[in-house]
file protein_28.txt (compact mmCIF, C-alpha atoms)
# COMPACT_ATOMS: atom_id res chain seq x y z
CA MET A 1 40.09 30.09 40.79
CA LYS A 2 37.46 27.44 41.56
CA ARG A 3 34.74 29.83 40.41
CA LEU A 4 36.59 30.36 37.10
CA VAL A 5 36.97 26.61 36.52
CA LEU A 6 33.30 26.05 37.35
CA ALA A 7 32.25 28.83 34.97
CA CYS A 8 34.38 27.34 32.16
CA CYS A 9 32.87 23.91 32.75
CA LEU A 10 29.34 25.31 32.63
CA VAL A 11 30.07 27.11 29.36
CA ALA A 12 31.62 23.98 27.87
CA ALA A 13 28.62 21.92 28.92
CA ALA A 14 26.15 24.42 27.57
CA ALA A 15 27.83 25.02 24.19
CA PRO A 16 27.02 21.62 22.62
CA ILE A 17 23.37 21.95 23.64
CA MET A 18 23.13 25.26 21.85
CA ALA A 19 25.06 24.30 18.72
CA GLN A 20 25.05 20.51 18.37
CA ASP A 21 23.72 18.84 15.24
CA ALA A 22 20.79 16.44 15.32
CA TYR A 23 21.65 13.27 17.18
CA ARG A 24 22.43 10.24 14.99
CA PRO A 25 22.13 6.82 16.63
CA ALA A 26 25.04 4.42 16.52
CA PHE A 27 22.79 1.54 15.44
CA ASP A 28 21.75 1.57 11.77
CA PRO A 29 20.03 -1.71 10.84
CA GLY A 30 20.09 -0.83 7.14
CA ALA A 31 23.88 -0.68 7.21
CA MET A 32 24.36 -4.13 8.76
CA THR A 33 25.83 -6.82 6.53
CA ASP A 34 24.75 -10.00 8.34
CA ARG A 35 22.48 -12.38 6.46
CA PRO A 36 19.51 -14.49 7.59
CA HIS A 37 19.68 -18.24 7.81
CA GLY A 38 17.96 -19.64 4.73
CA THR A 39 16.33 -17.77 1.86
CA PRO A 40 15.92 -14.04 2.49
CA ASN A 41 12.59 -12.32 2.08
CA ARG A 42 12.43 -10.33 -1.15
CA VAL A 43 10.08 -7.42 -1.78
CA MET A 44 9.42 -5.80 -5.14
CA VAL A 45 7.58 -2.46 -5.03
CA LEU A 46 5.55 -1.45 -8.08
CA GLY A 47 4.58 2.21 -8.00
CA THR A 48 1.38 2.77 -9.95
CA PRO A 49 -1.05 5.47 -10.95
CA HIS A 50 -4.52 4.84 -9.63
CA LEU A 51 -6.13 3.26 -12.67
CA SER A 52 -9.55 4.71 -11.81
CA GLN A 53 -8.10 8.16 -12.49
CA LEU A 54 -6.78 7.33 -15.96
CA PRO A 55 -8.74 8.46 -19.04
CA LYS A 56 -11.83 6.53 -20.10
CA THR A 57 -9.86 5.19 -23.06
CA PHE A 58 -7.86 3.03 -20.62
CA THR A 59 -9.64 -0.22 -19.82
CA PRO A 60 -8.61 -2.87 -17.25
CA ASP A 61 -7.72 -5.44 -19.94
CA MET A 62 -5.03 -3.06 -21.21
CA ALA A 63 -2.99 -3.95 -18.09
CA GLU A 64 -2.62 -7.55 -19.29
CA PRO A 65 0.99 -7.24 -20.56
CA LEU A 66 2.04 -5.92 -17.15
CA VAL A 67 0.16 -8.72 -15.38
CA VAL A 68 2.08 -11.26 -17.46
CA ARG A 69 5.48 -9.80 -16.56
CA LEU A 70 4.69 -9.47 -12.87
CA THR A 71 3.42 -13.03 -12.74
CA GLY A 72 6.72 -14.11 -14.29
CA TRP A 73 8.53 -12.82 -11.20
CA ALA A 74 6.78 -15.66 -9.33
CA PRO A 75 5.61 -13.85 -6.18
CA THR A 76 4.53 -15.94 -3.23
CA ALA A 77 2.61 -13.03 -1.67
CA VAL A 78 0.93 -9.95 -3.10
CA ALA A 79 0.18 -6.82 -1.05
CA VAL A 80 -2.03 -3.91 -2.05
CA GLU A 81 -3.00 -0.41 -0.97
CA GLU A 82 -6.29 -1.43 0.62
CA THR A 83 -7.31 -1.06 4.26
CA PRO A 84 -7.74 -4.46 5.97
CA GLY A 85 -11.28 -5.37 6.91
CA ILE A 86 -10.31 -5.82 10.54
CA VAL A 87 -8.84 -2.29 10.65
CA CYS A 88 -12.02 -0.89 9.10
CA HIS A 89 -14.01 -2.82 11.72
CA ARG A 90 -12.08 -1.06 14.49
CA MET A 91 -12.54 2.28 12.75
CA ARG A 92 -16.31 1.73 12.63
CA GLN A 93 -16.31 1.52 16.43
CA MET A 94 -15.27 5.21 16.45
CA PRO A 95 -17.30 6.83 13.67
CA ALA A 96 -16.81 10.36 14.96
CA ARG A 97 -13.09 10.00 14.30
CA HIS A 98 -13.13 8.00 11.11
CA ALA A 99 -16.43 8.58 9.27
CA GLU A 100 -14.81 10.18 6.20
CA ALA A 101 -12.05 7.57 5.95
CA ILE A 102 -14.57 4.73 6.35
CA GLU A 103 -16.66 6.13 3.51
CA SER A 104 -13.65 6.56 1.24
CA TYR A 105 -11.41 3.60 2.05
CA CYS A 106 -13.41 0.78 3.64
CA PHE A 107 -15.28 -1.98 1.84
CA ASP A 108 -18.83 -2.47 3.13
CA PRO A 109 -19.21 -6.13 4.17
CA ALA A 110 -22.92 -5.84 5.06
CA LEU A 111 -24.13 -7.89 2.07
CA ALA A 112 -21.76 -10.75 2.87
CA ALA A 113 -22.48 -10.53 6.60
CA ALA A 114 -26.16 -11.08 5.87
CA ALA A 115 -25.39 -14.06 3.63
CA THR A 116 -22.85 -15.75 5.91
CA GLY A 117 -24.02 -14.68 9.36
CA LEU A 118 -20.42 -13.69 10.16
CA SER A 119 -19.12 -10.47 11.66
CA VAL A 120 -15.86 -9.08 10.32
CA PRO A 121 -13.78 -10.59 13.19
CA GLN A 122 -15.57 -13.93 12.87
CA ALA A 123 -15.06 -13.99 9.11
CA ASN A 124 -11.37 -13.19 9.47
CA ASP A 125 -10.99 -16.05 11.94
CA LYS A 126 -12.91 -18.41 9.67
CA ALA A 127 -10.81 -17.48 6.63
CA GLU A 128 -7.65 -18.24 8.60
CA ALA A 129 -9.09 -21.57 9.73
CA LEU A 130 -10.14 -22.54 6.21
CA LEU A 131 -6.73 -21.70 4.79
CA ALA A 132 -4.94 -23.58 7.58
CA ALA A 133 -6.70 -26.76 6.45
CA TRP A 134 -6.79 -25.87 2.76
CA PRO A 135 -6.35 -28.87 0.44
CA ALA A 136 -3.91 -28.91 -2.46
CA GLU A 137 -6.84 -29.24 -4.87
CA PRO A 138 -9.86 -27.49 -3.35
CA ALA A 139 -13.27 -28.17 -4.84
CA PRO A 140 -15.06 -25.27 -6.56
CA ALA A 141 -17.58 -25.19 -3.71
CA GLN A 142 -14.74 -24.64 -1.25
CA ARG A 143 -13.44 -21.68 -3.26
CA ARG A 144 -16.92 -20.17 -3.43
CA GLU A 145 -17.30 -20.55 0.34
CA LEU A 146 -13.93 -18.92 0.97
CA ALA A 147 -14.79 -16.08 -1.41
CA ALA A 148 -17.98 -15.39 0.56
CA VAL A 149 -16.06 -15.51 3.85
CA PHE A 150 -13.44 -13.09 2.52
CA LEU A 151 -16.19 -10.66 1.51
CA ALA A 152 -17.64 -10.87 5.02
CA ALA A 153 -14.13 -10.29 6.41
CA GLY A 154 -13.88 -7.02 4.48
CA GLU A 155 -11.26 -8.47 2.14
CA PRO A 156 -12.80 -8.20 -1.34
CA ALA A 157 -9.44 -8.48 -3.13
CA SER A 158 -8.86 -11.93 -1.66
CA ALA A 159 -12.43 -12.89 -2.54
CA VAL A 160 -11.74 -11.93 -6.16
CA VAL A 161 -8.59 -14.09 -6.14
CA GLN A 162 -10.77 -17.09 -5.25
CA TRP A 163 -13.29 -16.11 -7.92
CA LEU A 164 -10.57 -15.85 -10.58
CA ARG A 165 -9.18 -19.25 -9.62
CA LEU A 166 -12.51 -20.85 -10.46
CA PRO A 167 -13.17 -22.09 -14.00
CA ALA A 168 -15.67 -19.80 -15.76
CA SER A 169 -18.28 -22.56 -15.56
CA GLU A 170 -17.91 -22.59 -11.75
CA GLN A 171 -18.21 -18.82 -11.26
CA ILE A 172 -21.76 -19.19 -10.02
CA ALA A 173 -23.87 -18.52 -6.96
CA ASP A 174 -23.82 -21.49 -4.60
CA GLY A 175 -24.15 -22.06 -0.86
CA LEU A 176 -22.89 -19.08 1.14
CA LEU A 177 -22.05 -17.30 -2.11
CA THR A 178 -25.49 -15.92 -2.93
CA ALA A 179 -26.45 -14.43 -6.28
CA PRO A 180 -25.93 -10.85 -5.02
CA LEU A 181 -22.43 -11.79 -3.78
CA ALA A 182 -21.58 -13.48 -7.09
CA ALA A 183 -22.69 -10.33 -8.91
CA GLN A 184 -20.56 -8.24 -6.54
CA LEU A 185 -17.52 -10.38 -7.35
CA GLU A 186 -18.17 -10.05 -11.07
CA ARG A 187 -18.24 -6.26 -10.76
CA LEU A 188 -15.07 -6.16 -8.69
CA ALA A 189 -13.21 -8.49 -11.05
CA ARG A 190 -13.89 -6.05 -13.90
CA ALA A 191 -13.12 -2.89 -11.91
CA LYS A 192 -10.77 -0.25 -13.28
CA ASN A 193 -8.59 -0.48 -10.21
CA GLU A 194 -5.04 -1.76 -9.83
CA THR A 195 -6.07 -4.03 -6.95
CA TYR A 196 -8.33 -6.05 -9.25
CA ALA A 197 -6.99 -5.38 -12.75
CA ILE A 198 -3.40 -6.18 -11.76
CA ALA A 199 -2.86 -7.53 -8.23
CA ALA A 200 -5.73 -10.03 -8.06
CA LYS A 201 -4.87 -11.43 -11.49
CA VAL A 202 -1.19 -11.80 -10.61
CA ALA A 203 -2.09 -13.53 -7.34
CA ALA A 204 -4.55 -15.91 -9.01
CA ARG A 205 -2.16 -16.83 -11.82
CA SER A 206 0.66 -17.31 -9.31
CA GLY A 207 -1.40 -19.95 -7.50
CA LEU A 208 -1.96 -17.82 -4.40
CA GLU A 209 -5.06 -18.02 -2.25
CA ARG A 210 -5.29 -14.45 -1.05
CA ILE A 211 -4.02 -10.88 -1.23
CA TRP A 212 -2.70 -8.90 1.74
CA SER A 213 -4.37 -5.54 2.39
CA VAL A 214 -1.72 -3.37 4.06
CA ASP A 215 -3.01 0.20 4.00
CA ASP A 216 -4.03 1.87 7.25
CA GLN A 217 -6.33 4.88 7.26
CA SER A 218 -6.89 4.86 11.02
CA THR A 219 -4.48 7.70 11.78
CA TYR A 220 -6.04 10.18 14.19
CA MET A 221 -4.32 13.54 14.55
CA GLY A 222 -6.61 14.95 17.24
CA PRO A 223 -9.47 17.40 16.74
CA GLU A 224 -9.92 18.49 13.14
CA PRO A 225 -8.25 21.78 12.28
CA ASP A 226 -9.94 24.60 10.39
CA GLN A 227 -10.50 22.69 7.16
CA ASN A 228 -10.59 25.76 4.94
CA ALA A 229 -7.34 27.12 6.36
CA TYR A 230 -5.77 23.67 6.32
CA GLY A 231 -6.71 23.05 2.70
CA ALA A 232 -5.53 26.48 1.59
CA ALA A 233 -2.15 26.03 3.31
CA ILE A 234 -1.54 22.61 1.76
CA MET A 235 -2.58 23.76 -1.71
CA GLN A 236 -0.26 26.76 -1.43
CA ALA A 237 2.62 24.47 -0.44
CA TRP A 238 1.88 22.26 -3.44
CA ASP A 239 1.95 25.25 -5.80
CA ASN A 240 5.65 24.95 -6.57
CA PRO A 241 7.86 24.37 -9.64
CA ALA A 242 8.66 20.77 -8.72
CA ALA A 243 4.96 19.88 -8.47
CA LYS A 244 4.21 21.52 -11.80
CA ALA A 245 7.07 19.68 -13.48
CA GLN A 246 5.97 16.36 -11.99
CA SER A 247 2.37 16.93 -13.07
CA ALA A 248 3.45 17.76 -16.61
CA ALA A 249 5.62 14.65 -16.81
CA SER A 250 2.74 12.49 -15.55
CA ASP A 251 0.31 14.03 -18.03
CA ALA A 252 2.73 13.28 -20.88
CA LEU A 253 3.05 9.62 -19.83
CA ILE A 254 -0.72 9.24 -19.57
CA ALA A 255 -1.22 10.90 -22.95
CA GLY A 256 1.08 8.30 -24.49
CA LEU A 257 -0.83 5.29 -23.15
CA SER A 258 -2.26 4.47 -26.57
CA ALA A 259 1.22 4.02 -28.07
CA PRO A 260 2.48 0.42 -28.50
CA GLU A 261 4.81 0.73 -25.50
CA GLY A 262 2.64 3.26 -23.70
CA LEU A 263 1.77 1.08 -20.72
CA PHE A 264 5.37 0.21 -19.94
CA ALA A 265 6.52 3.77 -20.60
CA LEU A 266 3.99 4.90 -18.01
CA TYR A 267 5.18 2.39 -15.43
CA ARG A 268 8.85 3.07 -16.15
CA GLY A 269 8.15 6.74 -15.46
CA TYR A 270 6.24 6.00 -12.26
CA ASN A 271 9.06 3.76 -11.00
CA ALA A 272 12.09 5.73 -12.14
CA PRO A 273 14.62 6.22 -9.31
CA ALA A 274 14.72 9.97 -9.95
CA LEU A 275 11.01 10.21 -9.21
CA ALA A 276 11.60 9.77 -5.47
CA ASP A 277 13.40 13.10 -5.17
CA ALA A 278 10.88 14.80 -7.45
CA ILE A 279 7.95 13.56 -5.36
CA TYR A 280 9.57 14.73 -2.15
CA LYS A 281 10.32 18.22 -3.47
CA ALA A 282 6.85 18.56 -4.98
CA ASP A 283 4.89 17.31 -2.00
CA PHE A 284 6.31 16.21 1.32
CA GLY A 285 9.34 18.47 1.43
CA ALA A 286 7.12 21.36 0.39
CA VAL A 287 4.64 20.83 3.23
CA LEU A 288 7.46 20.40 5.76
CA THR A 289 8.43 24.04 5.27
CA GLU A 290 4.86 25.36 4.96
CA PRO A 291 4.81 28.40 7.31
CA SER A 292 1.33 28.40 8.89
CA GLU A 293 1.32 29.03 12.65
CA ALA A 294 -0.87 25.95 13.13
CA GLY A 295 1.71 23.77 11.38
CA PHE A 296 -0.78 22.44 8.84
CA GLY A 297 1.93 21.12 6.57
CA ARG A 298 3.67 19.30 9.38
CA ARG A 299 0.33 17.77 10.45
CA TYR A 300 -0.13 16.49 6.91
CA LEU A 301 3.39 15.09 6.83
CA ALA A 302 2.83 13.36 10.18
CA TYR A 303 -0.26 11.66 8.76
CA TRP A 304 1.64 10.59 5.64
CA GLU A 305 4.67 9.19 7.44
CA THR A 306 2.51 7.43 10.05
CA ARG A 307 0.44 5.81 7.33
CA ASN A 308 3.49 4.59 5.42
CA LEU A 309 5.17 3.26 8.55
CA ARG A 310 2.06 1.24 9.36
CA MET A 311 1.80 -0.02 5.80
CA VAL A 312 5.40 -1.25 5.87
CA ALA A 313 4.87 -2.74 9.33
CA ASN A 314 1.90 -4.67 7.96
CA MET A 315 4.03 -6.03 5.13
CA ARG A 316 6.80 -6.96 7.55
CA GLU A 317 4.28 -8.89 9.63
CA VAL A 318 3.21 -10.86 6.55
CA LEU A 319 6.84 -11.67 5.72
CA GLY A 320 7.23 -13.12 9.20
CA ARG A 321 4.52 -15.69 8.53
CA LYS A 322 6.72 -17.57 6.08
CA PRO A 323 10.38 -16.55 5.93
CA GLY A 324 11.69 -16.60 2.38
CA THR A 325 8.59 -14.92 0.94
CA ARG A 326 8.75 -13.17 -2.44
CA MET A 327 6.34 -10.28 -2.02
CA LEU A 328 5.06 -8.09 -4.81
CA THR A 329 3.55 -4.95 -3.34
CA ILE A 330 1.54 -2.60 -5.55
CA VAL A 331 1.00 0.92 -4.30
CA GLY A 332 0.41 4.48 -5.45
CA ALA A 333 3.69 5.88 -6.79
CA SER A 334 4.00 8.54 -4.06
CA HIS A 335 4.27 5.75 -1.47
CA LYS A 336 7.03 3.85 -3.28
CA PRO A 337 9.99 5.96 -2.04
CA TYR A 338 8.79 5.67 1.57
CA TYR A 339 8.13 1.94 1.21
CA GLU A 340 11.63 1.29 -0.08
CA ALA A 341 13.33 3.58 2.43
CA TYR A 342 11.61 1.90 5.37
CA LEU A 343 11.94 -1.64 4.01
CA ALA A 344 15.66 -1.09 3.41
CA GLN A 345 16.12 -0.78 7.18
CA MET A 346 14.72 -4.27 7.80
CA ARG A 347 17.30 -6.96 8.55
CA ASP A 348 15.35 -9.75 6.80
CA VAL A 349 14.19 -7.89 3.70
CA ASP A 350 16.00 -7.67 0.38
CA LEU A 351 14.55 -5.19 -2.09
CA ALA A 352 14.11 -6.28 -5.70
CA ASP A 353 14.27 -3.69 -8.49
CA VAL A 354 11.07 -3.64 -10.53
CA THR A 355 12.53 -1.66 -13.43
CA PRO A 356 14.03 -4.64 -15.33
CA LEU A 357 10.54 -6.15 -15.57
CA LEU A 358 9.27 -2.94 -17.14
CA GLY A 359 11.75 -3.09 -20.01
CA ASP A 360 14.10 -0.54 -21.48
CA ALA A 361 12.97 2.73 -22.91
CA PRO A 362 13.23 2.81 -26.74
CA ARG A 363 16.53 4.25 -27.93
call {"tool": "encode", "arguments": {"input": "protein_28.txt", "output": "structure tokens"}}
result
Amino acid sequence: MKRLVLACCLVAAAAPIMAQDAYRPAFDPGAMTDRPHGTPNRVMVLGTPHLSQLPKTFTPDMAEPLVVRLTGWAPTAVAVEETPGIVCHRMRQMPARHAEAIESYCFDPALAAAATGLSVPQANDKAEALLAAWPAEPAPAQRRELAAVFLAAGEPASAVVQWLRLPASEQIADGLLTAPLAAQLERLARAKNETYAIAAKVAARSGLERIWSVDDQSTYMGPEPDQNAYGAAIMQAWDNPAAKAQSAASDALIAGLSAPEGLFALYRGYNAPALADAIYKADFGAVLTEPSEAGFGRRYLAYWETRNLRMVANMREVLGRKPGTRMLTIVGASHKPYYEAYLAQMRDVDLADVTPLLGDAPR
């Protein structure tokens, strides 16, 4: 009899292990209803195409109507999809791991380092010190100095904010800001890139002193796989009906940019709630089920989720500097669903819907 009872107990204990569903934790911070003391942090996520990839007919000044509306939201912080200079500095210490990412995603501070005599860590520390003692009405020379320091820190977007806050007559080479650095700032300020054509202008017009770079391209997934096999597997996963439909919809929005409401139609499309599911089916859900023995698709998904988690963690760190921050964060549209899903779990973050700022579609 004891043997029978023991056998029954063993079967009962083993059955849940074989058949149980995935474990769900009891604690869900996103479901909590408590509120912070004081003004909550608010984050508005603007999903964007990468402006550099738009047709030549699109010029940076065409983003002006969007800049005006975003400025009207009165952000007190602006975050962008750029890798922080200090992260790039760490990546440069391990070039064998990060050479390709450094080349593609890291600003080269060498010109500013030569002009200022500051390394990236030193320049980051100096920028923090300058801002800690920043006067309410800084002199133009102070803004030019800070712009040079930001360039040396590997933070060109923040340098452009300082440049844009100067009167045109004061946008000159002076002191640490040498003529080559002033020319570099001029080029960046005119770049066909959402960081400069949108974010830097919004930050400058909102009276902000800097932009927060929150991307992180330092993910290391171990030794590189067979690149040809990896690329072929990912491309095959992306060859699906959802991806083709999404691409066609994007092409139609871009083709309509020259219409009177073309810019806002484009951004309404890139921020539509339904896009989140479409993006997942076209891309990340497709690679999850990619069947290669090496798990190429799952490696890609691990990189993507790790990157987005770090980006959101970087934003959360910024929000902790000054509780009650209104953050506008501008990011490639494929990141937006992940941003919002992760931010929604934070106990001191309220999400703001960007779609009302983009207007209603014509009836």
call {"tool": "closest_atom_pairs", "arguments": {"input": "protein_28.txt", "of": "range 188-223 of chain A", "to": "range 168-183 of chain A", "cutoff": "12 Å", "atoms": "only C-alpha atoms", "output": "CSV"}}
result
residue,atom,partner,partner_atom,distance
A:Leu188,CA,A:Ala183,CA,8.7
A:Ala189,CA,A:Ala183,CA,9.9
A:Arg190,CA,A:Ala183,CA,11.0
call {"tool": "residues_around", "arguments": {"input": "protein_28.txt", "residues": "Thr306 in chain A", "least_positions_apart": "3", "cutoff": "10 Å", "atoms": "only C-alpha atoms", "output": "list in words"}}
result
Asp216, Gln217, Ser218, Thr219, Tyr220, Tyr300, Leu301, Ala302, Tyr303, Leu309, Arg310 and Met311 of chain A
call {"tool": "residues_around", "arguments": {"input": "protein_28.txt", "residues": "Met235 in chain A", "least_positions_apart": "4", "cutoff": "12 Å", "atoms": "all atoms listed in the file", "output": "list of chain:residue names"}}
result
A:Gln227, A:Asn228, A:Ala229, A:Tyr230, A:Gly231, A:Asp239, A:Asn240, A:Ala243, A:Ala282, A:Asp283, A:Ala286, A:Val287, A:Glu290, A:Phe296, A:Gly297, A:Tyr300
call {"tool": "residues_around", "arguments": {"input": "protein_28.txt", "residues": "Gly269 in chain A", "least_positions_apart": "5", "cutoff": "12 Å", "atoms": "only C-alpha atoms", "output": "list of chain:residue names"}}
result
A:Leu46, A:Gly47, A:Thr48, A:Pro49, A:Gln246, A:Ser247, A:Ala249, A:Ser250, A:Asp251, A:Ala252, A:Leu253, A:Ile254, A:Gly256, A:Leu257, A:Gly262, A:Leu263, A:Phe264, A:Ala274, A:Leu275, A:Ala276, A:Ala278, A:Ala333, A:Val354, A:Thr355, A:Leu358, A:Gly359, A:Asp360, A:Ala361
call {"tool": "residues_around", "arguments": {"input": "protein_28.txt", "residues": "Cys88 in chain A", "least_positions_apart": "5", "cutoff": "12 Å", "atoms": "all atoms listed in the file", "output": "mmCIF file with C-alpha atoms, in the coordinates of the input"}}
result
data_model
loop_
_atom_site.group_PDB
_atom_site.id
_atom_site.type_symbol
_atom_site.label_atom_id
_atom_site.label_comp_id
_atom_site.auth_asym_id
_atom_site.auth_seq_id
_atom_site.Cartn_x
_atom_site.Cartn_y
_atom_site.Cartn_z
ATOM 1 C CA GLU A 82 -6.290 -1.430 0.620
ATOM 2 C CA THR A 83 -7.310 -1.060 4.260
ATOM 3 C CA GLN A 93 -16.310 1.520 16.430
ATOM 4 C CA MET A 94 -15.270 5.210 16.450
ATOM 5 C CA PRO A 95 -17.300 6.830 13.670
ATOM 6 C CA HIS A 98 -13.130 8.000 11.110
ATOM 7 C CA ALA A 99 -16.430 8.580 9.270
ATOM 8 C CA GLU A 100 -14.810 10.180 6.200
ATOM 9 C CA ALA A 101 -12.050 7.570 5.950
ATOM 10 C CA ILE A 102 -14.570 4.730 6.350
ATOM 11 C CA GLU A 103 -16.660 6.130 3.510
ATOM 12 C CA SER A 104 -13.650 6.560 1.240
ATOM 13 C CA TYR A 105 -11.410 3.600 2.050
ATOM 14 C CA CYS A 106 -13.410 0.780 3.640
ATOM 15 C CA PHE A 107 -15.280 -1.980 1.840
ATOM 16 C CA ASP A 108 -18.830 -2.470 3.130
ATOM 17 C CA PRO A 109 -19.210 -6.130 4.170
ATOM 18 C CA VAL A 120 -15.860 -9.080 10.320
ATOM 19 C CA PRO A 121 -13.780 -10.590 13.190
ATOM 20 C CA ALA A 153 -14.130 -10.290 6.410
ATOM 21 C CA GLY A 154 -13.880 -7.020 4.480
ATOM 22 C CA GLU A 155 -11.260 -8.470 2.140
ATOM 23 C CA SER A 213 -4.370 -5.540 2.390
ATOM 24 C CA VAL A 214 -1.720 -3.370 4.060
ATOM 25 C CA ASP A 215 -3.010 0.200 4.000
ATOM 26 C CA ASP A 216 -4.030 1.870 7.250
ATOM 27 C CA GLN A 217 -6.330 4.880 7.260
ATOM 28 C CA SER A 218 -6.890 4.860 11.020
ATOM 29 C CA THR A 219 -4.480 7.700 11.780
#
call {"tool": "residues_around", "arguments": {"input": "protein_28.txt", "residues": "Ala139 in chain A", "least_positions_apart": "5", "cutoff": "12 Å", "atoms": "all atoms listed in the file", "output": "mmCIF file with C-alpha atoms, in the coordinates of the input"}}
result
data_model
loop_
_atom_site.group_PDB
_atom_site.id
_atom_site.type_symbol
_atom_site.label_atom_id
_atom_site.label_comp_id
_atom_site.auth_asym_id
_atom_site.auth_seq_id
_atom_site.Cartn_x
_atom_site.Cartn_y
_atom_site.Cartn_z
ATOM 1 C CA TRP A 134 -6.790 -25.870 2.760
ATOM 2 C CA ARG A 144 -16.920 -20.170 -3.430
ATOM 3 C CA GLU A 145 -17.300 -20.550 0.340
ATOM 4 C CA LEU A 146 -13.930 -18.920 0.970
ATOM 5 C CA GLN A 162 -10.770 -17.090 -5.250
ATOM 6 C CA ARG A 165 -9.180 -19.250 -9.620
ATOM 7 C CA LEU A 166 -12.510 -20.850 -10.460
ATOM 8 C CA PRO A 167 -13.170 -22.090 -14.000
ATOM 9 C CA GLU A 170 -17.910 -22.590 -11.750
#
call {"tool": "atom_distance", "arguments": {"input": "protein_28.txt", "atom1": "CA of Leu66 in chain A", "atom2": "CA of Pro140 in chain A"}}
result
27.9 Å
call {"tool": "atom_distance", "arguments": {"input": "protein_28.txt", "atom1": "CA of Gln122 in chain A", "atom2": "CA of Ala96 in chain A"}}
result
24.4 Å
call {"tool": "atom_distance", "arguments": {"input": "protein_28.txt", "atom1": "CA of Thr71 in chain A", "atom2": "CA of Leu185 in chain A"}}
result
21.8 Å
call {"tool": "closest_residue", "arguments": {"input": "protein_28.txt", "among": "A:Ala22, A:Ala152, A:Ala77, A:Ala259", "to": "Asn124 in chain A", "atoms": "only C-alpha atoms"}}
result
A:Ala152
call {"tool": "closest_residue", "arguments": {"input": "protein_28.txt", "among": "A:Glu340, A:Asp277, A:Asp348, A:Glu209", "to": "Leu130 in chain A", "atoms": "only C-alpha atoms"}}
result
A:Glu209
call {"tool": "closest_residue", "arguments": {"input": "protein_28.txt", "among": "A:Ala232, A:Ala26, A:Ala132, A:Ala200", "to": "Trp212 in chain A", "atoms": "all atoms listed in the file"}}
result
A:Ala200
call {"tool": "residues_near_point", "arguments": {"input": "protein_28.txt", "point": "(-4.6, -17.6, -4.7)", "cutoff": "10 Å", "atoms": "only C-alpha atoms", "output": "PyMOL selection string"}}
result
chain A and resi 76-78+143+158-165+200-211
call {"tool": "closest_residue", "arguments": {"input": "protein_28.txt", "among": "A:Gln236, A:Thr39, A:Asn308, A:Ser258", "to": "Phe58 in chain A", "atoms": "all atoms listed in the file"}}
result
A:Ser258
call {"tool": "axis_aligned_box", "arguments": {"input": "protein_28.txt", "around": "range 30-49 of chain A", "padding_each_side": "8 Å", "output": "JSON"}}
result
{"center_x": 12.4, "center_y": -7.1, "center_z": -1.1, "size_x": 42.9, "size_y": 41.1, "size_z": 35.7}
